[in-house]
$ cat start24.txt   # compact mmCIF, C-alpha atoms
# COMPACT_ATOMS: atom_id res chain seq x y z
CA MET A 51 20.87 -7.27 -11.80
CA ARG A 52 22.28 -7.55 -8.27
CA GLY A 53 23.14 -3.85 -8.16
CA ARG A 54 19.51 -2.72 -8.34
CA PRO A 55 17.40 -2.12 -5.20
CA ALA A 56 15.14 -5.11 -4.55
CA VAL A 57 11.53 -4.85 -3.37
CA LEU A 58 9.39 -7.76 -2.23
CA VAL A 59 5.71 -7.28 -3.12
CA ILE A 60 3.09 -9.24 -1.18
CA ALA A 61 -0.27 -8.71 -2.88
CA GLY A 62 -3.07 -10.14 -4.96
CA SER A 63 -3.22 -10.47 -8.73
CA ASP A 64 -5.74 -8.64 -10.91
CA SER A 65 -6.65 -10.30 -14.21
CA SER A 66 -7.47 -6.92 -15.81
CA GLY A 67 -3.94 -5.68 -15.14
CA GLY A 68 -5.28 -2.42 -13.73
CA ALA A 69 -4.29 -2.94 -10.12
CA GLY A 70 -2.66 -5.39 -7.75
CA ILE A 71 0.66 -7.06 -8.23
CA LEU A 72 0.82 -6.38 -11.99
CA ARG A 73 0.59 -2.66 -11.32
CA ASP A 74 3.21 -2.98 -8.58
CA LEU A 75 5.70 -4.79 -10.79
CA THR A 76 5.24 -2.32 -13.64
CA VAL A 77 5.96 0.62 -11.33
CA LEU A 78 9.00 -1.04 -9.77
CA ALA A 79 10.44 -1.90 -13.19
CA GLY A 80 9.93 1.69 -14.29
CA LEU A 81 11.85 2.89 -11.24
CA GLY A 82 14.75 0.54 -11.87
CA CYS A 83 14.06 -1.89 -9.03
CA GLU A 84 14.31 -5.63 -8.96
CA ALA A 85 10.93 -7.05 -7.93
CA LEU A 86 10.19 -10.27 -6.07
CA CYS A 87 6.69 -11.37 -5.19
CA ALA A 88 4.46 -13.43 -2.95
CA ILE A 89 0.89 -13.72 -4.24
CA SER A 90 -1.78 -13.64 -1.53
CA ALA A 91 -4.87 -13.98 -3.71
CA VAL A 92 -5.90 -14.45 -7.34
CA THR A 93 -8.74 -12.19 -8.40
CA ALA A 94 -10.82 -12.18 -11.56
CA GLN A 95 -11.63 -8.54 -12.29
CA THR A 96 -12.64 -6.31 -15.14
CA HIS A 97 -12.14 -2.56 -15.00
CA GLY A 98 -15.71 -2.30 -13.75
CA ARG A 99 -16.32 -5.18 -11.35
CA LEU A 100 -14.83 -7.83 -9.09
CA VAL A 101 -15.87 -11.22 -10.49
CA SER A 102 -14.29 -13.68 -8.04
CA VAL A 103 -11.45 -14.17 -5.57
CA HIS A 104 -9.32 -17.23 -4.84
CA HIS A 105 -7.42 -16.94 -1.56
CA VAL A 106 -3.95 -18.49 -1.55
CA PRO A 107 -3.51 -20.85 1.44
CA PRO A 108 -1.59 -19.21 4.32
CA GLN A 109 1.20 -21.79 4.26
CA VAL A 110 1.80 -21.08 0.57
CA ILE A 111 2.04 -17.36 1.36
CA ARG A 112 4.60 -18.10 4.08
CA THR A 113 6.63 -20.30 1.73
CA GLN A 114 6.67 -17.64 -1.01
CA ILE A 115 7.87 -14.95 1.40
CA ARG A 116 10.55 -17.19 2.85
CA ALA A 117 11.83 -18.12 -0.62
CA ALA A 118 11.87 -14.48 -1.75
CA LEU A 119 13.81 -13.38 1.32
CA GLU A 120 16.38 -16.10 0.60
CA SER A 121 16.68 -15.08 -3.06
CA ALA A 122 17.86 -11.47 -2.79
CA ALA A 123 18.92 -8.73 -0.39
CA ILE A 124 15.50 -7.15 0.00
CA GLY A 125 15.61 -3.38 0.46
CA ALA A 126 11.90 -2.87 1.20
CA ILE A 127 8.64 -4.81 1.40
CA LYS A 128 5.36 -3.58 -0.06
CA ILE A 129 2.13 -5.23 1.17
CA GLY A 130 -1.14 -4.85 -0.69
CA MET A 131 -4.28 -6.99 -0.78
CA LEU A 132 -4.26 -9.89 1.67
CA GLY A 133 -7.89 -10.95 1.66
CA THR A 134 -8.31 -12.88 4.92
CA ALA A 135 -7.30 -12.77 8.57
CA ALA A 136 -5.35 -16.00 8.02
CA ALA A 137 -3.35 -14.34 5.25
CA VAL A 138 -2.67 -11.32 7.48
CA SER A 139 -1.36 -13.65 10.18
CA ALA A 140 0.79 -15.54 7.70
CA VAL A 141 2.43 -12.32 6.53
CA ALA A 142 2.93 -11.04 10.08
CA ASP A 143 4.58 -14.35 11.03
CA SER A 144 6.88 -14.18 8.01
CA LEU A 145 8.22 -10.62 8.12
CA PRO A 146 11.84 -10.18 9.21
CA PRO A 147 12.06 -9.35 12.94
CA GLY A 148 12.95 -6.05 14.48
CA GLY A 149 12.06 -3.76 11.59
CA THR A 150 15.26 -4.63 9.74
CA ILE A 151 13.55 -4.06 6.35
CA PRO A 152 11.22 -1.10 5.70
CA VAL A 153 7.60 -2.21 5.23
CA VAL A 154 5.02 -0.18 3.27
CA LEU A 155 1.50 -1.43 3.96
CA ASP A 156 -1.35 -0.39 1.67
CA PRO A 157 -4.45 -1.57 3.58
CA VAL A 158 -6.58 -2.70 0.64
CA LEU A 159 -10.14 -3.16 1.92
CA VAL A 160 -12.33 -2.92 -1.19
CA SER A 161 -11.80 -2.93 -4.95
CA SER A 162 -12.35 0.20 -7.03
CA SER A 163 -15.70 -1.28 -8.08
CA GLY A 164 -16.77 -1.81 -4.46
CA GLY A 165 -16.04 -5.53 -3.95
CA VAL A 166 -14.90 -6.43 -0.43
CA LEU A 167 -11.23 -7.52 -0.40
CA LEU A 168 -10.70 -7.80 3.38
CA ASP A 169 -13.43 -8.68 5.86
CA GLU A 170 -13.90 -7.30 9.39
CA GLU A 171 -11.89 -10.11 11.01
CA GLY A 172 -9.04 -9.44 8.61
CA ARG A 173 -9.16 -5.71 9.30
CA ALA A 174 -8.94 -6.28 13.05
CA GLU A 175 -6.04 -8.68 12.58
CA MET A 176 -4.27 -6.16 10.34
CA ARG A 177 -4.58 -3.39 12.94
CA ALA A 178 -3.38 -5.68 15.73
CA ARG A 179 -0.55 -7.54 14.00
CA LEU A 180 0.62 -5.77 10.86
CA PHE A 181 0.30 -2.08 11.69
CA PRO A 182 2.89 -2.32 14.51
CA LEU A 183 5.33 -3.94 12.04
CA ALA A 184 4.86 -1.34 9.31
CA THR A 185 7.22 1.51 8.57
CA LEU A 186 4.39 3.29 6.77
CA ILE A 187 0.70 2.62 6.14
CA THR A 188 -1.05 4.29 3.19
CA PRO A 189 -4.86 4.29 3.61
CA ASN A 190 -7.12 6.46 1.50
CA ILE A 191 -9.91 8.47 3.11
CA PRO A 192 -12.58 5.70 3.09
CA GLU A 193 -10.07 3.11 4.31
CA ALA A 194 -8.89 5.35 7.14
CA ALA A 195 -12.48 5.97 8.21
CA SER A 196 -13.26 2.25 8.19
CA LEU A 197 -10.12 1.40 10.16
CA CYS A 198 -10.87 4.14 12.71
CA GLY A 199 -14.59 3.34 12.94
CA THR A 200 -15.58 6.90 12.03
CA ALA A 201 -17.09 8.85 9.16
CA PRO A 202 -14.78 9.83 6.29
CA ALA A 203 -12.70 12.89 7.11
CA ALA A 204 -14.04 16.11 5.61
CA SER A 205 -11.44 18.59 6.87
CA ARG A 206 -7.73 18.79 7.63
CA GLU A 207 -8.51 18.60 11.34
CA GLU A 208 -10.40 15.32 10.86
CA LEU A 209 -7.62 13.94 8.65
CA LEU A 210 -5.11 14.73 11.40
CA ALA A 211 -7.30 13.10 14.05
CA GLN A 212 -7.64 9.90 12.04
CA ALA A 213 -3.94 9.82 11.17
CA ARG A 214 -3.09 10.18 14.87
CA SER A 215 -5.51 7.36 15.72
CA LEU A 216 -3.83 5.08 13.16
CA LEU A 217 -0.38 6.13 14.32
CA ALA A 218 -1.33 4.98 17.81
CA THR A 219 -1.55 1.37 16.53
CA GLY A 220 2.26 1.27 16.46
CA THR A 221 3.16 2.07 12.87
CA ARG A 222 6.03 4.52 12.39
CA ALA A 223 4.19 6.73 9.91
CA VAL A 224 0.83 7.23 8.18
CA LEU A 225 0.26 8.62 4.68
CA LEU A 226 -3.45 9.42 4.54
CA LYS A 227 -4.25 9.85 0.85
CA GLY A 228 -6.66 12.57 -0.20
CA GLY A 229 -7.55 11.34 -3.67
CA HIS A 230 -11.18 10.73 -2.68
CA ALA A 231 -11.67 14.30 -1.45
CA GLY A 232 -12.85 17.19 -3.58
CA GLY A 233 -11.11 20.34 -4.67
CA ALA A 234 -8.62 21.37 -7.30
CA GLU A 235 -5.71 19.90 -5.35
CA SER A 236 -5.15 16.29 -4.28
CA VAL A 237 -3.70 16.65 -0.79
CA ASP A 238 -2.14 13.78 1.19
CA LEU A 239 -1.21 13.95 4.87
CA LEU A 240 2.05 12.38 6.05
CA LEU A 241 2.27 12.01 9.84
CA THR A 242 5.29 10.39 11.46
CA ALA A 243 5.82 8.98 14.94
CA HIS A 244 7.84 12.10 15.70
CA GLY A 245 4.63 14.08 15.40
CA THR A 246 5.61 15.93 12.25
CA ALA A 247 2.72 16.59 9.85
CA GLN A 248 3.51 17.23 6.20
CA TRP A 249 0.91 18.07 3.54
CA LEU A 250 1.74 16.81 0.03
CA SER A 251 -0.24 18.49 -2.72
CA SER A 252 -0.56 18.09 -6.49
CA PRO A 253 -3.14 19.28 -9.04
CA ARG A 254 -6.13 16.94 -9.15
CA LEU A 255 -6.43 14.96 -12.38
CA GLN A 256 -9.50 13.35 -13.93
CA ALA A 257 -7.66 10.27 -15.14
CA GLY A 258 -10.06 7.71 -13.67
CA SER A 259 -7.28 5.14 -13.41
CA ARG A 260 -7.38 2.08 -11.15
CA GLY A 261 -4.44 0.90 -9.11
CA THR A 262 -3.17 4.33 -8.11
CA GLY A 263 -2.85 3.24 -4.47
CA CYS A 264 -0.83 0.20 -5.54
CA ALA A 265 1.40 2.39 -7.69
CA LEU A 266 1.99 4.95 -4.95
CA ALA A 267 2.87 2.38 -2.27
CA SER A 268 5.23 0.56 -4.63
CA ALA A 269 6.93 3.81 -5.61
CA ILE A 270 7.40 4.65 -1.93
CA ALA A 271 8.87 1.19 -1.32
CA ALA A 272 11.26 1.77 -4.23
CA GLY A 273 12.43 4.98 -2.60
CA LEU A 274 12.95 3.35 0.79
CA ALA A 275 14.82 0.46 -0.83
CA SER A 276 17.13 3.04 -2.40
CA GLY A 277 17.87 4.61 0.98
CA SER A 278 15.47 7.58 0.98
CA THR A 279 13.81 8.82 4.14
CA ILE A 280 10.06 8.29 4.56
CA GLU A 281 9.44 11.96 3.81
CA ALA A 282 11.56 12.00 0.65
CA ALA A 283 10.16 8.66 -0.56
CA CYS A 284 6.55 9.83 -0.16
CA ASP A 285 7.19 13.15 -1.89
CA SER A 286 9.02 11.53 -4.81
CA ALA A 287 6.39 8.78 -5.16
CA LYS A 288 3.52 11.27 -5.25
CA ARG A 289 5.24 13.23 -8.02
CA TYR A 290 5.95 10.01 -9.92
CA VAL A 291 2.34 8.79 -9.75
CA HIS A 292 1.05 12.23 -10.72
CA SER A 293 3.26 12.03 -13.80
CA LEU A 294 1.85 8.58 -14.64
CA LEU A 295 -1.73 9.80 -14.25
CA SER A 296 -1.00 12.87 -16.35
CA GLN A 297 0.03 10.60 -19.22
CA GLU A 298 -3.03 8.37 -18.79
CA ALA A 299 -5.33 11.42 -18.79
CA LEU A 300 -4.10 12.56 -22.20
$ encode --input "start24.txt" --output "structure tokens"
Amino acid sequence: MRGRPAVLVIAGSDSSGGAGILRDLTVLAGLGCEALCAISAVTAQTHGRLVSVHHVPPQVIRTQIRAALESAAIGAIKIGMLGTAAAVSAVADSLPPGGTIPVVLDPVLVSSSGGVLLDEEGRAEMRARLFPLATLITPNIPEAASLCGTAPAASREELLAQARSLLATGTRAVLLKGGHAGGAESVDLLLTAHGTAQWLSSPRLQAGSRGTGCALASAIAAGLASGSTIEAACDSAKRYVHSLLSQEAL
């Protein structure tokens, strides 16, 4: 047990099991990682709609993170749904200082069915307080547009411009996911603070699965916890999630 890489997941639960922390823990188990968790919100969801959300009090979020950090040698932290500005602040206050542990932040703004999972105040707080602490942020095209205050990117040039804008918030790297775009290929853009742009491509699948963003961010965190570089972790995670979706599309 102690020999496995350990990942702390900070995210919300999804009663349908399609996304959120249940998806995260399944992916981490499949990749041979020990998983610890801090639940930020409890959601009631079906595969088609968001029914309700209960936000965990900020102090309880802080206590969970503190206890998890005391329980194992954490190799990476994955952050998903937070729900409120107060939750964002609680997480920012609780992360280890100085970037000692890699942090993968999936900025969950809405559910797959369109329910709002982080309001405008929370989004502003995330940009100001959590982005500078993140090793990598993983927005999809609509999330990147919302965070940049622009229309969704429709070309590689616009994807690059939005990734650069997000990189300027202080994060070390941005993986802008292209799953919402069209075309035969699903193309993600990885941009690091060194200015290197890398395009990650895989054949587009019609799986229709929820929780793919959760799965990808958790798989990246698993790679970082195992000692991979950001580039290698993103490439490996994309191939892993594509394999999962291929099985679900059968």
$ atom_distance --input "start24.txt" --atom1 "CA of Leu239 (chain A)" --atom2 "CA of Cys198 (chain A)"
15.8 Å
$ atom_distance --input "start24.txt" --atom1 "CA of Ala283 (chain A)" --atom2 "CA of Pro146 (chain A)"
21.3 Å
$ closest_residue --input "start24.txt" --among "A:Val291, A:Ala184, A:Leu119, A:Leu167" --to "His105 (chain A)" --atoms "all atoms listed in the file"
A:Leu167
$ closest_residue --input "start24.txt" --among "A:Ser66, A:Asn190, A:Gln212, A:Thr279" --to "Val92 (chain A)" --atoms "all atoms listed in the file"
A:Ser66
$ residues_around --input "start24.txt" --residues "Val57 (chain A)" --least-positions-apart "5" --cutoff "9 Å" --atoms "all atoms listed in the file" --output "list in words"
Leu78, Cys83, Glu84, Ala85, Leu86, Cys87, Ala123, Ile124, Gly125, Ala126, Ile127, Lys128, Ser268, Ala271, Ala272 and Ala275 of chain A
$ write_last_selection --input "start24.txt" --atoms "C-alpha atoms" --output "compact mmCIF listing (two decimals), keeping the file's coordinate frame"
# COMPACT_ATOMS: atom_id res chain seq x y z
CA LEU A 78 9.00 -1.04 -9.77
CA CYS A 83 14.06 -1.89 -9.03
CA GLU A 84 14.31 -5.63 -8.96
CA ALA A 85 10.93 -7.05 -7.93
CA LEU A 86 10.19 -10.27 -6.07
CA CYS A 87 6.69 -11.37 -5.19
CA ALA A 123 18.92 -8.73 -0.39
CA ILE A 124 15.50 -7.15 0.00
CA GLY A 125 15.61 -3.38 0.46
CA ALA A 126 11.90 -2.87 1.20
CA ILE A 127 8.64 -4.81 1.40
CA LYS A 128 5.36 -3.58 -0.06
CA SER A 268 5.23 0.56 -4.63
CA ALA A 271 8.87 1.19 -1.32
CA ALA A 272 11.26 1.77 -4.23
CA ALA A 275 14.82 0.46 -0.83
$ closest_residue --input "start24.txt" --among "A:Val154, A:Cys284, A:Leu168, A:Ala174" --to "Arg222 (chain A)" --atoms "only C-alpha atoms"
A:Val154
$ closest_residue --input "start24.txt" --among "A:Val237, A:Ala88, A:Val101, A:Ile187" --to "Ile115 (chain A)" --atoms "all atoms listed in the file"
A:Ala88
$ residues_near_point --input "start24.txt" --point "(-2.2, -15.4, 12.3)" --cutoff "12 Å" --atoms "all atoms listed in the file" --output "list in words"
Pro108, Gln109, Ile111, Arg112, Thr134, Ala135, Ala136, Ala137, Val138, Ser139, Ala140, Val141, Ala142, Asp143, Ser144, Glu171, Gly172, Ala174, Glu175, Met176, Ala178, Arg179 and Leu180 of chain A
$ closest_residue --input "start24.txt" --among "A:Ala265, A:Val224, A:Leu240, A:Ser251" --to "Val59 (chain A)" --atoms "only C-alpha atoms"
A:Ala265
$ closest_residue --input "start24.txt" --among "A:Lys227, A:His97, A:Arg289, A:Arg177" --to "Ser215 (chain A)" --atoms "all atoms listed in the file"
A:Arg177
$ residues_near_point --input "start24.txt" --point "(7.3, 8.5, -6.1)" --cutoff "12 Å" --atoms "only C-alpha atoms" --output "JSON, numbers by chain"
{"A": [77, 78, 80, 81, 250, 262, 263, 264, 265, 266, 267, 268, 269, 270, 271, 272, 273, 274, 276, 278, 280, 281, 282, 283, 284, 285, 286, 287, 288, 289, 290, 291, 292, 293, 294]}
$ write_last_selection --input "start24.txt" --atoms "C-alpha atoms" --output "CSV table (one decimal), keeping the file's coordinate frame"
chain,number,residue,atom,x,y,z
A,77,VAL,CA,6.0,0.6,-11.3
A,78,LEU,CA,9.0,-1.0,-9.8
A,80,GLY,CA,9.9,1.7,-14.3
A,81,LEU,CA,11.8,2.9,-11.2
A,250,LEU,CA,1.7,16.8,0.0
A,262,THR,CA,-3.2,4.3,-8.1
A,263,GLY,CA,-2.8,3.2,-4.5
A,264,CYS,CA,-0.8,0.2,-5.5
A,265,ALA,CA,1.4,2.4,-7.7
A,266,LEU,CA,2.0,5.0,-5.0
A,267,ALA,CA,2.9,2.4,-2.3
A,268,SER,CA,5.2,0.6,-4.6
A,269,ALA,CA,6.9,3.8,-5.6
A,270,ILE,CA,7.4,4.6,-1.9
A,271,ALA,CA,8.9,1.2,-1.3
A,272,ALA,CA,11.3,1.8,-4.2
A,273,GLY,CA,12.4,5.0,-2.6
A,274,LEU,CA,13.0,3.4,0.8
A,276,SER,CA,17.1,3.0,-2.4
A,278,SER,CA,15.5,7.6,1.0
A,280,ILE,CA,10.1,8.3,4.6
A,281,GLU,CA,9.4,12.0,3.8
A,282,ALA,CA,11.6,12.0,0.6
A,283,ALA,CA,10.2,8.7,-0.6
A,284,CYS,CA,6.6,9.8,-0.2
A,285,ASP,CA,7.2,13.2,-1.9
A,286,SER,CA,9.0,11.5,-4.8
A,287,ALA,CA,6.4,8.8,-5.2
A,288,LYS,CA,3.5,11.3,-5.2
A,289,ARG,CA,5.2,13.2,-8.0
A,290,TYR,CA,6.0,10.0,-9.9
A,291,VAL,CA,2.3,8.8,-9.8
A,292,HIS,CA,1.0,12.2,-10.7
A,293,SER,CA,3.3,12.0,-13.8
A,294,LEU,CA,1.8,8.6,-14.6
$ axis_aligned_box --input "start24.txt" --around "region 265-272 of chain A" --padding-each-side "6 Å" --output "AutoDock Vina command-line options"
--center_x 6.3 --center_y 2.8 --center_z -4.5 --size_x 21.9 --size_y 16.4 --size_z 18.4
$ atom_distance --input "start24.txt" --atom1 "CA of Pro147 (chain A)" --atom2 "CA of Leu186 (chain A)"
16.0 Å
